[in-house]
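Participant: Sharing my_file.cif (mmCIF, C-alpha atoms) below.
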```cif
data_model
#
loop_
_atom_site.label_atom_id
_atom_site.label_comp_id
_atom_site.auth_asym_id
_atom_site.auth_seq_id
_atom_site.Cartn_x
_atom_site.Cartn_y
_atom_site.Cartn_z
CA MET A 1 -10.35 -0.21 -11.92
CA ILE A 2 -10.44 -0.49 -8.12
CA VAL A 3 -8.11 -3.29 -6.99
CA CYS A 4 -8.34 -2.67 -3.23
CA SER A 5 -11.80 -1.96 -1.87
CA CYS A 6 -10.59 -1.43 1.70
CA ASN A 7 -8.21 1.40 0.77
CA VAL A 8 -9.98 2.35 -2.48
CA LEU A 9 -6.83 1.89 -4.58
CA SER A 10 -6.98 1.72 -8.34
CA ASP A 11 -4.69 -0.19 -10.68
CA GLY A 12 -3.54 3.21 -11.98
CA GLN A 13 -2.41 4.25 -8.50
CA VAL A 14 -0.49 1.00 -8.09
CA ARG A 15 1.22 1.44 -11.48
CA ALA A 16 2.01 5.09 -10.71
CA CYS A 17 4.17 4.12 -7.73
CA LEU A 18 6.28 1.72 -9.86
CA GLN A 19 9.31 3.78 -10.77
CA PRO A 20 12.59 2.23 -12.00
CA GLY A 21 15.38 2.13 -9.44
CA PRO A 22 16.15 0.96 -5.94
CA GLY A 23 13.03 2.54 -4.41
CA CYS A 24 10.60 0.65 -6.63
CA PRO A 25 8.22 -1.52 -4.57
CA ARG A 26 8.56 -5.26 -5.16
CA THR A 27 5.84 -6.63 -2.89
CA PRO A 28 2.21 -5.72 -2.19
CA ALA A 29 3.23 -4.51 1.30
CA GLN A 30 5.78 -2.13 -0.25
CA VAL A 31 3.11 -0.87 -2.67
CA TYR A 32 0.82 -0.11 0.29
CA GLY A 33 3.66 1.75 2.00
CA CYS A 34 4.37 3.72 -1.16
CA LEU A 35 0.70 4.72 -1.32
CA GLY A 36 0.53 5.62 2.38
CA CYS A 37 -1.77 2.86 3.58
CA SER A 38 -1.67 -0.74 4.79
CA ALA A 39 -3.41 -3.98 3.92
CA LYS A 40 -6.74 -4.58 5.61
CA CYS A 41 -8.29 -7.86 4.40
CA GLY A 42 -5.50 -8.83 1.97
CA ARG A 43 -7.78 -10.02 -0.84
CA CYS A 44 -6.12 -7.62 -3.28
CA ALA A 45 -2.55 -8.85 -2.68
CA ARG A 46 -2.72 -11.35 -5.55
CA THR A 47 -3.97 -8.65 -7.94
CA ILE A 48 -1.28 -6.20 -6.85
CA ARG A 49 1.35 -8.92 -7.22
CA GLY A 50 0.07 -9.51 -10.77
CA ILE A 51 0.34 -5.80 -11.58
CA LEU A 52 3.94 -5.84 -10.29
CA ARG A 53 4.75 -8.94 -12.38
CA ASN A 54 3.20 -7.43 -15.52
CA ALA A 55 5.04 -4.14 -15.02
CA LEU A 56 8.37 -5.96 -14.84
CA ALA A 57 7.58 -8.03 -17.92
CA GLU A 58 6.56 -4.90 -19.83
CA ALA A 59 9.73 -3.08 -18.77
CA GLU A 60 11.87 -6.00 -19.95
CA THR A 61 9.94 -6.42 -23.21
CA HIS A 62 9.97 -2.76 -24.18
CA ALA A 63 13.43 -2.11 -22.74
CA ALA A 64 11.88 0.77 -20.80
CA HIS A 65 14.44 0.26 -18.07
CA VAL A 66 17.97 -0.61 -19.04
CA CYS A 67 20.38 -0.87 -16.14
CA THR A 68 23.86 0.45 -16.50
CA THR A 69 26.72 -1.35 -14.82
CA GLY A 70 26.71 1.20 -12.01
CA CYS A 71 23.07 0.83 -10.96
CA GLU A 72 22.51 -2.86 -11.73
CA ALA A 73 23.43 -4.10 -8.24
CA ALA A 74 21.04 -1.70 -6.49
CA CYS A 75 18.25 -1.90 -9.07
CA SER A 76 15.17 -3.56 -7.63
CA LEU A 77 13.71 -4.17 -11.08
CA GLY A 78 16.66 -6.38 -11.95
CA SER A 79 16.28 -8.42 -8.76
CA PHE A 80 12.47 -8.61 -8.81
CA GLN A 81 11.32 -11.88 -7.27
CA THR A 82 7.98 -13.48 -7.85
CA THR A 83 6.51 -16.66 -6.51
CA ARG A 84 5.45 -18.99 -9.26
CA GLU A 85 2.27 -20.97 -9.03
CA PRO A 86 2.93 -24.72 -9.08
CA GLU A 87 2.27 -26.24 -12.49
CA GLY A 88 -1.16 -27.68 -12.89
CA VAL A 89 -2.67 -25.45 -10.20
CA ALA A 90 -5.11 -22.80 -11.33
CA ALA A 91 -4.31 -19.30 -10.13
#
```
Output the file's structure in the form of C-alpha cells.
Facilitator:
Amino acid sequence: MIVCSCNVLSDGQVRACLQPGPGCPRTPAQVYGCLGCSAKCGRCARTIRGILRNALAEAETHAAHVCTTGCEAACSLGSFQTTREPEGVAA
C-alpha cells in the first residue's frame, strides 16, 4: 500500500528500513532519510508514525528483538518514544 504519494513510498518500504539496533529510524523524518528522500506535504507522517509504533509493539510482543546488557543503552528500539493522543480525542 502506498503511504506517501509525494515520494511514492509503500508501507513495505517503510517496514524494510526498520532494523533492530542504534541505526533504526524512530521518527518519520528518519524514515525519509533512510529511504533517501524527504517529506513534501507531510500528510503521511501520521501513517509512518503508526507503522513505527506497530513495529515496536510487534517486536516486543514476539520478542523479535531482545537487547543484551551491552547493547541496551544504544538500542533505539528500547528507547523508542511516541507521542500519545490525548484521551477522548479521535486520532
Participant: Of the candidates A:Gly23, A:Leu18, A:Cys4, A:Ser10, which one gets nearest to Asn54 (chain A) if we count all atoms listed in the file?
Facilitator: A:Leu18
Participant: Which is closest to Lys40 (chain A) among A:Leu52, A:Pro20, A:Ala59, A:Pro28, if we use all atoms listed in the file?
Facilitator: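 With all atoms listed in the file as the atom set, the closest residue is A:Pro28.
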Participant: Starting from the shown file, work through the PyMOL selection byres ((chain A and resi 39) around 8) and note down what comes out as a PyMOL selection string.
Facilitator: chain A and resi 6-7+29+32+37-38+40-42
Participant: Excluding Val3 (chain A) and residues on its chain fewer than 6 positions from it, collect all residues at most 9 Å away from it, counting all atoms listed in the file, and give them as a list in words.
Facilitator: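 Skipping anything fewer than 6 positions along the chain leaves Leu9, Ser10, Asp11, Val14, Cys44, Ala45, Thr47 and Ile48 of chain A.
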Participant: Separation of CA of Ile51 (chain A) and CA of Gly36 (chain A), in Å?
Facilitator: 18.0 Å
Participant: Between A:Gly12, A:Ile2, A:Thr61, A:Arg49, which one has atoms that come closest to Arg26 (chain A), using all atoms listed in the file?
Facilitator: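 Closest to Arg26 (chain A) of all the choices is A:Arg49.
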Participant: One number please: CA of Arg53 (chain A) to CA of Pro22 (chain A), in Å, one decimal.
Facilitator: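 So the answer is 16.4 Å.
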Participant: What does the structure give for the distance between CA of Leu56 (chain A) and CA of Val8 (chain A), in Å to one decimal?
Facilitator: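 It comes out at 23.6 Å.
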